[in-house]
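The next block is work-v3.pdb, given as PDB, C-alpha atoms.
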```
ATOM      1  CA  MET A   7      -6.513 -15.912  -6.018
ATOM      2  CA  ARG A   8      -7.029 -14.019  -2.781
ATOM      3  CA  THR A   9      -6.535 -10.558  -4.187
ATOM      4  CA  ALA A  10      -8.280  -7.213  -3.853
ATOM      5  CA  SER A  11      -8.176  -3.665  -5.178
ATOM      6  CA  ILE A  12      -9.621  -0.678  -3.343
ATOM      7  CA  THR A  13      -9.872   2.934  -4.483
ATOM      8  CA  ARG A  14     -10.744   5.572  -1.891
ATOM      9  CA  LYS A  15     -11.197   9.210  -2.872
ATOM     10  CA  THR A  16     -12.195  11.999  -0.538
ATOM     11  CA  ALA A  17     -11.706  15.757  -0.445
ATOM     12  CA  GLU A  18      -8.528  15.058   1.570
ATOM     13  CA  THR A  19      -6.900  12.039  -0.091
ATOM     14  CA  ALA A  20      -6.851   9.712  -3.077
ATOM     15  CA  ILE A  21      -5.716   6.184  -2.182
ATOM     16  CA  GLU A  22      -5.317   3.083  -4.347
ATOM     17  CA  VAL A  23      -4.479  -0.280  -2.780
ATOM     18  CA  GLU A  24      -3.840  -3.621  -4.454
ATOM     19  CA  ILE A  25      -2.958  -6.711  -2.408
ATOM     20  CA  ASN A  26      -2.326 -10.405  -2.933
ATOM     21  CA  LEU A  27      -2.541 -12.457   0.273
ATOM     22  CA  ASP A  28      -0.685 -15.347  -1.361
ATOM     23  CA  GLY A  29       2.246 -13.292  -2.572
ATOM     24  CA  THR A  30       5.920 -13.181  -1.689
ATOM     25  CA  GLY A  31       6.104  -9.748  -0.074
ATOM     26  CA  VAL A  32       6.627  -7.706  -3.238
ATOM     27  CA  TYR A  33       5.850  -4.041  -2.583
ATOM     28  CA  ARG A  34       5.474  -0.763  -4.445
ATOM     29  CA  ASN A  35       4.326   1.784  -1.883
ATOM     30  CA  HIS A  36       4.282   5.502  -2.687
ATOM     31  CA  THR A  37       2.212   7.574  -0.283
ATOM     32  CA  GLY A  38       4.230  10.778  -0.340
ATOM     33  CA  VAL A  39       5.229  10.168   3.292
ATOM     34  CA  GLY A  40       8.734   8.702   3.264
ATOM     35  CA  PHE A  41       8.889   7.066   6.687
ATOM     36  CA  PHE A  42       5.371   5.661   6.261
ATOM     37  CA  ASP A  43       6.375   4.095   2.935
ATOM     38  CA  HIS A  44       9.279   2.431   4.746
ATOM     39  CA  MET A  45       6.825   1.004   7.309
ATOM     40  CA  LEU A  46       4.405  -0.222   4.620
ATOM     41  CA  ASP A  47       7.318  -1.904   2.852
ATOM     42  CA  GLN A  48       8.092  -3.754   6.107
ATOM     43  CA  LEU A  49       4.437  -4.739   6.482
ATOM     44  CA  SER A  50       4.413  -6.238   2.998
ATOM     45  CA  ARG A  51       7.809  -7.944   3.102
ATOM     46  CA  HIS A  52       7.293  -9.641   6.464
ATOM     47  CA  SER A  53       3.644 -10.627   5.941
ATOM     48  CA  LEU A  54       4.414 -11.976   2.439
ATOM     49  CA  ILE A  55       1.387  -9.988   1.245
ATOM     50  CA  ASP A  56       2.136  -8.284  -2.060
ATOM     51  CA  MET A  57       1.155  -4.606  -1.775
ATOM     52  CA  THR A  58       0.927  -1.750  -4.205
ATOM     53  CA  ILE A  59      -0.234   1.402  -2.462
ATOM     54  CA  THR A  60      -0.346   4.871  -3.967
ATOM     55  CA  ALA A  61      -1.634   7.939  -2.194
ATOM     56  CA  LYS A  62      -1.999  11.642  -2.735
ATOM     57  CA  GLY A  63      -2.933  13.646   0.298
ATOM     58  CA  ASP A  64      -3.320  17.105   1.758
ATOM     59  CA  TYR A  65       0.338  17.266   2.818
ATOM     60  CA  HIS A  66       0.132  21.042   3.172
ATOM     61  CA  ILE A  67      -1.928  20.354   6.308
ATOM     62  CA  ASP A  68       0.003  17.356   7.629
ATOM     63  CA  ASP A  69       0.368  13.603   7.036
ATOM     64  CA  HIS A  70      -2.549  12.549   9.234
ATOM     65  CA  HIS A  71      -5.245  12.067   6.588
ATOM     66  CA  THR A  72      -2.900  10.220   4.226
ATOM     67  CA  VAL A  73      -1.767   7.750   6.899
ATOM     68  CA  GLU A  74      -5.244   7.195   8.338
ATOM     69  CA  ASP A  75      -6.948   6.820   4.946
ATOM     70  CA  THR A  76      -4.293   4.354   3.825
ATOM     71  CA  GLY A  77      -5.122   2.274   6.901
ATOM     72  CA  ILE A  78      -8.815   2.446   6.015
ATOM     73  CA  ALA A  79      -8.246   1.335   2.407
ATOM     74  CA  LEU A  80      -5.797  -1.422   3.370
ATOM     75  CA  GLY A  81      -8.251  -2.767   5.955
ATOM     76  CA  GLN A  82     -11.019  -2.807   3.352
ATOM     77  CA  ALA A  83      -8.728  -4.613   0.912
ATOM     78  CA  LEU A  84      -7.938  -7.281   3.509
ATOM     79  CA  VAL A  85     -11.641  -7.924   4.112
ATOM     80  CA  LYS A  86     -12.292  -8.202   0.375
ATOM     81  CA  ALA A  87      -9.313 -10.498  -0.262
ATOM     82  CA  LEU A  88     -10.184 -12.793   2.668
ATOM     83  CA  GLY A  89     -13.714 -13.365   1.364
ATOM     84  CA  ASP A  90     -15.633 -15.752   3.642
ATOM     85  CA  LYS A  91     -12.397 -16.650   5.503
ATOM     86  CA  ALA A  92     -12.934 -20.370   5.033
ATOM     87  CA  GLY A  93      -9.816 -22.377   5.800
ATOM     88  CA  ILE A  94      -7.695 -19.561   7.252
ATOM     89  CA  ARG A  95      -5.795 -19.877  10.524
ATOM     90  CA  ARG A  96      -7.592 -16.737  11.770
ATOM     91  CA  TYR A  97      -5.271 -16.051  14.718
ATOM     92  CA  GLY A  98      -1.719 -14.761  14.653
ATOM     93  CA  HIS A  99       0.868 -13.713  17.190
ATOM     94  CA  PHE A 100       4.507 -12.704  17.116
ATOM     95  CA  ALA A 101       7.147 -11.266  19.426
ATOM     96  CA  LEU A 102       9.812  -9.417  17.473
ATOM     97  CA  ALA A 103      13.204  -8.143  18.592
ATOM     98  CA  MET A 104      14.979  -5.261  16.857
ATOM     99  CA  ASP A 105      18.091  -3.979  18.580
ATOM    100  CA  ASP A 106      16.932  -2.233  21.798
ATOM    101  CA  THR A 107      13.274  -2.948  21.121
ATOM    102  CA  GLN A 108      10.902  -5.851  21.548
ATOM    103  CA  MET A 109       7.347  -5.572  20.241
ATOM    104  CA  ALA A 110       4.555  -8.116  20.560
ATOM    105  CA  CYS A 111       1.421  -8.506  18.477
ATOM    106  CA  ALA A 112      -1.563 -10.803  18.824
ATOM    107  CA  LEU A 113      -4.497 -10.551  16.433
ATOM    108  CA  ASP A 114      -7.747 -12.209  15.439
ATOM    109  CA  LEU A 115      -9.414 -11.813  12.045
ATOM    110  CA  SER A 116     -12.718 -11.948  13.863
ATOM    111  CA  ALA A 117     -14.730  -9.200  12.121
ATOM    112  CA  ARG A 118     -14.839  -7.619  15.598
ATOM    113  CA  PRO A 119     -12.534  -4.605  15.383
ATOM    114  CA  TYR A 120     -10.745  -3.662  18.569
ATOM    115  CA  LEU A 121      -7.346  -2.069  19.096
ATOM    116  CA  VAL A 122      -5.339  -2.485  22.281
ATOM    117  CA  TRP A 123      -2.345  -0.161  22.069
ATOM    118  CA  ASN A 124       0.284  -0.369  24.798
ATOM    119  CA  VAL A 125       3.003   1.610  23.045
ATOM    120  CA  GLU A 126       4.756   4.803  24.054
ATOM    121  CA  PHE A 127       7.344   6.623  21.972
ATOM    122  CA  PRO A 128      10.177   8.564  23.612
ATOM    123  CA  THR A 129       9.972  11.246  20.894
ATOM    124  CA  GLN A 130       7.117  12.970  19.070
ATOM    125  CA  LYS A 131       8.854  12.773  15.690
ATOM    126  CA  ILE A 132      10.838  10.300  13.614
ATOM    127  CA  GLY A 133      12.429  12.716  11.182
ATOM    128  CA  THR A 134       9.398  14.730  10.069
ATOM    129  CA  PHE A 135       6.920  11.904  10.808
ATOM    130  CA  ASP A 136       4.589  12.271  13.822
ATOM    131  CA  THR A 137       4.894   9.143  15.974
ATOM    132  CA  GLU A 138       1.234   9.420  17.015
ATOM    133  CA  LEU A 139       0.322   8.499  13.423
ATOM    134  CA  VAL A 140       1.520   4.931  13.974
ATOM    135  CA  ARG A 141      -1.439   4.357  16.288
ATOM    136  CA  GLU A 142      -3.782   6.151  13.882
ATOM    137  CA  PHE A 143      -2.770   3.782  11.088
ATOM    138  CA  PHE A 144      -3.336   0.654  13.166
ATOM    139  CA  GLN A 145      -6.649   1.993  14.499
ATOM    140  CA  ALA A 146      -7.878   2.511  10.928
ATOM    141  CA  LEU A 147      -6.542  -0.901   9.843
ATOM    142  CA  SER A 148      -8.214  -2.653  12.777
ATOM    143  CA  THR A 149     -11.556  -0.876  12.361
ATOM    144  CA  ASN A 150     -11.844  -1.358   8.609
ATOM    145  CA  GLY A 151     -10.218  -4.786   8.506
ATOM    146  CA  GLY A 152     -12.406  -6.219  11.270
ATOM    147  CA  ILE A 153      -9.297  -7.115  13.248
ATOM    148  CA  THR A 154      -8.961  -7.541  16.991
ATOM    149  CA  LEU A 155      -5.440  -6.170  17.236
ATOM    150  CA  HIS A 156      -3.227  -6.038  20.321
ATOM    151  CA  ILE A 157       0.157  -4.313  20.041
ATOM    152  CA  ASP A 158       2.468  -4.104  23.036
ATOM    153  CA  LYS A 159       5.875  -2.546  23.529
ATOM    154  CA  VAL A 160       7.796  -4.895  25.817
ATOM    155  CA  HIS A 161      10.731  -2.471  25.869
ATOM    156  CA  GLY A 162      12.520  -0.036  23.600
ATOM    157  CA  ILE A 163      14.268   3.332  23.670
ATOM    158  CA  ASN A 164      14.548   4.311  19.985
ATOM    159  CA  SER A 165      11.395   5.621  18.311
ATOM    160  CA  HIS A 166      12.372   4.405  14.848
ATOM    161  CA  HIS A 167      13.008   0.900  16.169
ATOM    162  CA  ILE A 168       9.752   0.888  18.149
ATOM    163  CA  ALA A 169       7.691   1.836  15.087
ATOM    164  CA  GLU A 170       9.507  -0.528  12.735
ATOM    165  CA  ALA A 171       9.440  -3.477  15.129
ATOM    166  CA  GLY A 172       5.717  -2.828  15.630
ATOM    167  CA  PHE A 173       4.989  -2.955  11.909
ATOM    168  CA  LYS A 174       7.111  -6.088  11.545
ATOM    169  CA  ALA A 175       5.426  -7.831  14.483
ATOM    170  CA  VAL A 176       1.993  -7.062  13.032
ATOM    171  CA  ALA A 177       3.202  -8.294   9.636
ATOM    172  CA  ARG A 178       4.360 -11.639  10.996
ATOM    173  CA  ALA A 179       1.157 -12.121  13.006
ATOM    174  CA  LEU A 180      -0.924 -11.209   9.947
ATOM    175  CA  ARG A 181       1.064 -13.666   7.835
ATOM    176  CA  MET A 182       0.150 -16.430  10.275
ATOM    177  CA  ALA A 183      -3.532 -15.452  10.472
ATOM    178  CA  VAL A 184      -4.246 -15.212   6.719
ATOM    179  CA  GLU A 185      -2.509 -18.493   5.854
ATOM    180  CA  ILE A 186      -4.612 -21.411   4.748
ATOM    181  CA  ASP A 187      -4.544 -24.194   7.346
ATOM    182  CA  PRO A 188      -4.333 -27.552   5.528
ATOM    183  CA  ARG A 189      -6.027 -29.256   8.487
ATOM    184  CA  MET A 190      -9.093 -26.999   8.211
ATOM    185  CA  ALA A 191     -10.103 -28.487   4.833
ATOM    186  CA  GLY A 192     -11.795 -25.229   3.872
ATOM    187  CA  ALA A 193     -13.887 -25.042   7.042
ATOM    188  CA  LEU A 194     -14.628 -21.746   8.767
ATOM    189  CA  PRO A 195     -12.472 -21.306  11.892
ATOM    190  CA  SER A 196     -15.440 -20.569  14.173
ATOM    191  CA  THR A 197     -18.104 -22.485  16.040
ATOM    192  CA  LYS A 198     -20.605 -19.690  15.255
ATOM    193  CA  GLY A 199     -20.719 -20.519  11.570
ATOM    194  CA  ALA A 200     -19.775 -16.967  10.572
ATOM    195  CA  LEU A 201     -16.876 -14.562  10.852
TER     196      LEU A 201
END
```
Could you render the structure as structure tokens?
Amino acid sequence: MRTASITRKTAETAIEVEINLDGTGVYRNHTGVGFFDHMLDQLSRHSLIDMTITAKGDYHIDDHHTVEDTGIALGQALVKALGDKAGIRRYGHFALAMDDTQMACALDLSARPYLVWNVEFPTQKIGTFDTELVREFFQALSTNGGITLHIDKVHGINSHHIAEAGFKAVARALRMAVEIDPRMAGALPSTKGAL
């Protein structure tokens, strides 16, 4: 089973993450940040990665530490669950339409973290959620998950749709990348001999 559990405790947050890469997209996400939970639910459902994420953060300051630390812990869980990465597809890409918005994601589970972020939001808030935290989450996920991650807004005018389509596009690309390729016969998808 390609599963992992991560517990991260700091003076700012307490995060627990459990994932199953070979799941069906079952989720139980409770971070204390309502819109962020909605985005994590989308990430789980559309990647088919089962996720249980609980967080307690310093909400009296803002949501930044909770969102960022969740990205850190989820990235670490992905690395642990992927193990040596033998037999995976490694690469994933997806263009996703949602009403007015189209978002594109391409990623590589390369162990070389790099985020390319070509996304602008027309508003600074979605409800009470700071839109800049979407990038913070994906930066933390990329860095701690060893993911080369490119996210591009093709077009879009609604901040909620832009964020949600972004999470869904990443989810579908991640689903593709973590899948076992039956033609790989357990081989590592690299000519270097290591990922």
Closest contacts (segment 127-200 of chain A/segment 42-64 of chain A, max 6 Å, only C-alpha atoms) as a Markdown table:
```
| residue | atom | partner | partner_atom | distance |
| --- | --- | --- | --- | --- |
| A:Phe173 | CA | A:Leu49 | CA | 5.7 |
| A:Lys174 | CA | A:Leu49 | CA | 5.9 |
| A:Ala177 | CA | A:Ser53 | CA | 4.4 |
| A:Arg178 | CA | A:Ser53 | CA | 5.2 |
| A:Arg181 | CA | A:Ser53 | CA | 4.4 |
```
Point to revise | Point-to-point distance in Å for atom CA of Ser165 of chain A and atom CA of Gln130 of chain A | key: 8.5 Å
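Shortest atom-to-atom contact with Met104 of chain A among A:Ala171, A:Ile12, A:Ala87, A:Ala146: A:Ala171, counting all atoms listed in the file.
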Review point. Given the choices A:His166, A:His161, A:His99, A:Lys91, which gets closest to Gly192 of chain A if the distance is worked out from all atoms listed in the file?
Key: A:Lys91
Check your understanding: Counting only C-alpha atoms, what is within 7 Å of Thr72 of chain A, bar same-chain residues fewer than 2 positions away, as a ChimeraX atom specification?
Key -> /A:19,61,63,69-70,74-76
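Minimum distance to Thr107 of chain A across A:Val85, A:Val125, A:Ala193, A:Ile78 (counting only C-alpha atoms) occurs at A:Val125.
The space between atom CA of Gly199 of chain A and atom CA of Arg8 of chain A spans 20.9 Å.
In this structure, atom CA of Gln82 of chain A sits 13.7 Å away from atom CA of Arg118 of chain A.
By chain and then residue number, the residues within 12 Å of Lys131 of chain A are Phe41, Asp136, Thr137, Glu138, Leu139, Val140, Asn164, Ser165, His166 and Ala169 of chain A, counting all atoms listed in the file and disregarding those fewer than 5 positions away in sequence.
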**Study point:** Shell of 9 Å around Asp90 of chain A, all atoms listed in the file, local chain residues under 4 positions omitted, as a ChimeraX atom specification
**Key:** /A:85-86,194,200-201
Taking every listed atom of segment 83-89 of chain A and adding 5 Å to each side, what centre and edge lengths in Å (one decimal) does the axis-aligned box have, as AutoDock Vina command-line options?
```
--center_x -10.8 --center_y -9.0 --center_z 1.9 --size_x 15.8 --size_y 18.8 --size_z 14.4
```
**Study point:** 7 Å contact set for Val122 of chain A, all atoms listed in the file, chain neighbours under 4 positions out, as a ChimeraX atom specification
**Key:** /A:155-157
Selected residues, C-alpha atoms, written as a JSON list (two decimals), in the coordinates of the input, please.
```json
[["chain", "number", "residue", "atom", "x", "y", "z"],
["A", 155, "LEU", "CA", -5.44, -6.17, 17.24],
["A", 156, "HIS", "CA", -3.23, -6.04, 20.32],
["A", 157, "ILE", "CA", 0.16, -4.31, 20.04]]
```
Review point. Smallest atom-to-atom distance to Ile94 of chain A: which of A:Leu121, A:Leu115, A:Val39, A:Ala179, using all atoms listed in the file?
Key: A:Leu115
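When only C-alpha atoms are used to compute distances to Leu180 of chain A, the closest of the residues A:Ala20, A:Leu147, A:Ala103, A:Ala79 turns out to be A:Leu147.
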Review point. What residues come out when you apply the PyMOL selection byres ((chain A and resi 95) around 6) to this file, written as a list in words?
Key: Ile94, Arg96, Tyr97, Ala183, Glu185 and Asp187 of chain A
Could you pull segment 143-155 of chain A out of the block above and give me all heavy atoms, as an mmCIF file, in the first residue's frame?
```
data_model
loop_
_atom_site.group_PDB
_atom_site.id
_atom_site.type_symbol
_atom_site.label_atom_id
_atom_site.label_comp_id
_atom_site.auth_asym_id
_atom_site.auth_seq_id
_atom_site.Cartn_x
_atom_site.Cartn_y
_atom_site.Cartn_z
ATOM 1 N N PHE A 143 0.335 27.783 -0.581
ATOM 2 C CA PHE A 143 0.105 26.349 -0.431
ATOM 3 C C PHE A 143 0.878 25.569 -1.489
ATOM 4 O O PHE A 143 1.574 24.596 -1.169
ATOM 5 C CB PHE A 143 -1.387 26.021 -0.541
ATOM 6 C CG PHE A 143 -1.659 24.544 -0.633
ATOM 7 C CD1 PHE A 143 -1.591 23.743 0.493
ATOM 8 C CD2 PHE A 143 -1.948 23.948 -1.859
ATOM 9 C CE1 PHE A 143 -1.819 22.371 0.409
ATOM 10 C CE2 PHE A 143 -2.179 22.582 -1.951
ATOM 11 C CZ PHE A 143 -2.114 21.795 -0.816
ATOM 12 N N PHE A 144 0.772 25.975 -2.741
ATOM 13 C CA PHE A 144 1.432 25.219 -3.806
ATOM 14 C C PHE A 144 2.959 25.353 -3.743
ATOM 15 O O PHE A 144 3.670 24.420 -4.100
ATOM 16 C CB PHE A 144 0.886 25.631 -5.174
ATOM 17 C CG PHE A 144 -0.478 25.068 -5.441
ATOM 18 C CD1 PHE A 144 -1.557 25.907 -5.672
ATOM 19 C CD2 PHE A 144 -0.702 23.699 -5.448
ATOM 20 C CE1 PHE A 144 -2.822 25.384 -5.917
ATOM 21 C CE2 PHE A 144 -1.956 23.162 -5.683
ATOM 22 C CZ PHE A 144 -3.022 24.010 -5.917
ATOM 23 N N GLN A 145 3.453 26.488 -3.247
ATOM 24 C CA GLN A 145 4.900 26.613 -3.043
ATOM 25 C C GLN A 145 5.377 25.607 -1.996
ATOM 26 O O GLN A 145 6.389 24.923 -2.188
ATOM 27 C CB GLN A 145 5.260 28.031 -2.598
ATOM 28 C CG GLN A 145 6.753 28.250 -2.373
ATOM 29 C CD GLN A 145 7.548 28.179 -3.652
ATOM 30 O OE1 GLN A 145 7.423 29.046 -4.505
ATOM 31 N NE2 GLN A 145 8.373 27.145 -3.812
ATOM 32 N N ALA A 146 4.653 25.505 -0.899
ATOM 33 C CA ALA A 146 5.021 24.560 0.166
ATOM 34 C C ALA A 146 4.894 23.119 -0.313
ATOM 35 O O ALA A 146 5.755 22.277 -0.017
ATOM 36 C CB ALA A 146 4.139 24.797 1.392
ATOM 37 N N LEU A 147 3.842 22.819 -1.075
ATOM 38 C CA LEU A 147 3.644 21.471 -1.613
ATOM 39 C C LEU A 147 4.769 21.102 -2.565
ATOM 40 O O LEU A 147 5.335 20.006 -2.484
ATOM 41 C CB LEU A 147 2.293 21.388 -2.325
ATOM 42 C CG LEU A 147 1.931 20.034 -2.926
ATOM 43 C CD1 LEU A 147 1.639 19.014 -1.825
ATOM 44 C CD2 LEU A 147 0.734 20.175 -3.861
ATOM 45 N N SER A 148 5.118 22.012 -3.451
ATOM 46 C CA SER A 148 6.190 21.773 -4.423
ATOM 47 C C SER A 148 7.527 21.557 -3.725
ATOM 48 O O SER A 148 8.239 20.586 -4.000
ATOM 49 C CB SER A 148 6.280 22.963 -5.383
ATOM 50 O OG SER A 148 7.439 22.890 -6.176
ATOM 51 N N THR A 149 7.864 22.449 -2.801
ATOM 52 C CA THR A 149 9.157 22.382 -2.116
ATOM 53 C C THR A 149 9.307 21.100 -1.316
ATOM 54 O O THR A 149 10.337 20.427 -1.381
ATOM 55 C CB THR A 149 9.325 23.602 -1.196
ATOM 56 O OG1 THR A 149 9.266 24.795 -1.994
ATOM 57 C CG2 THR A 149 10.642 23.552 -0.442
ATOM 58 N N ASN A 150 8.283 20.742 -0.565
ATOM 59 C CA ASN A 150 8.388 19.588 0.333
ATOM 60 C C ASN A 150 8.022 18.275 -0.330
ATOM 61 O O ASN A 150 8.369 17.211 0.176
ATOM 62 C CB ASN A 150 7.531 19.832 1.570
ATOM 63 C CG ASN A 150 8.113 20.935 2.420
ATOM 64 O OD1 ASN A 150 8.973 20.681 3.256
ATOM 65 N ND2 ASN A 150 7.687 22.165 2.184
ATOM 66 N N GLY A 151 7.344 18.357 -1.487
ATOM 67 C CA GLY A 151 7.014 17.153 -2.235
ATOM 68 C C GLY A 151 8.003 16.848 -3.341
ATOM 69 O O GLY A 151 7.873 15.841 -4.038
ATOM 70 N N GLY A 152 9.008 17.719 -3.521
ATOM 71 C CA GLY A 152 9.986 17.516 -4.584
ATOM 72 C C GLY A 152 9.347 17.547 -5.962
ATOM 73 O O GLY A 152 9.697 16.759 -6.837
ATOM 74 N N ILE A 153 8.417 18.479 -6.150
ATOM 75 C CA ILE A 153 7.635 18.536 -7.379
ATOM 76 C C ILE A 153 8.023 19.756 -8.205
ATOM 77 O O ILE A 153 8.023 20.880 -7.695
ATOM 78 C CB ILE A 153 6.126 18.613 -7.071
ATOM 79 C CG1 ILE A 153 5.687 17.457 -6.167
ATOM 80 C CG2 ILE A 153 5.302 18.642 -8.359
ATOM 81 C CD1 ILE A 153 4.291 17.626 -5.588
ATOM 82 N N THR A 154 8.349 19.536 -9.475
ATOM 83 C CA THR A 154 8.410 20.642 -10.423
ATOM 84 C C THR A 154 6.973 20.890 -10.836
ATOM 85 O O THR A 154 6.323 20.026 -11.436
ATOM 86 C CB THR A 154 9.264 20.285 -11.656
ATOM 87 O OG1 THR A 154 10.594 19.973 -11.218
ATOM 88 C CG2 THR A 154 9.309 21.435 -12.636
ATOM 89 N N LEU A 155 6.450 22.065 -10.496
ATOM 90 C CA LEU A 155 5.029 22.336 -10.611
ATOM 91 C C LEU A 155 4.790 23.642 -11.356
ATOM 92 O O LEU A 155 5.224 24.701 -10.916
ATOM 93 C CB LEU A 155 4.417 22.408 -9.200
ATOM 94 C CG LEU A 155 2.934 22.696 -9.052
ATOM 95 C CD1 LEU A 155 2.085 21.643 -9.764
ATOM 96 C CD2 LEU A 155 2.561 22.779 -7.574
#
```
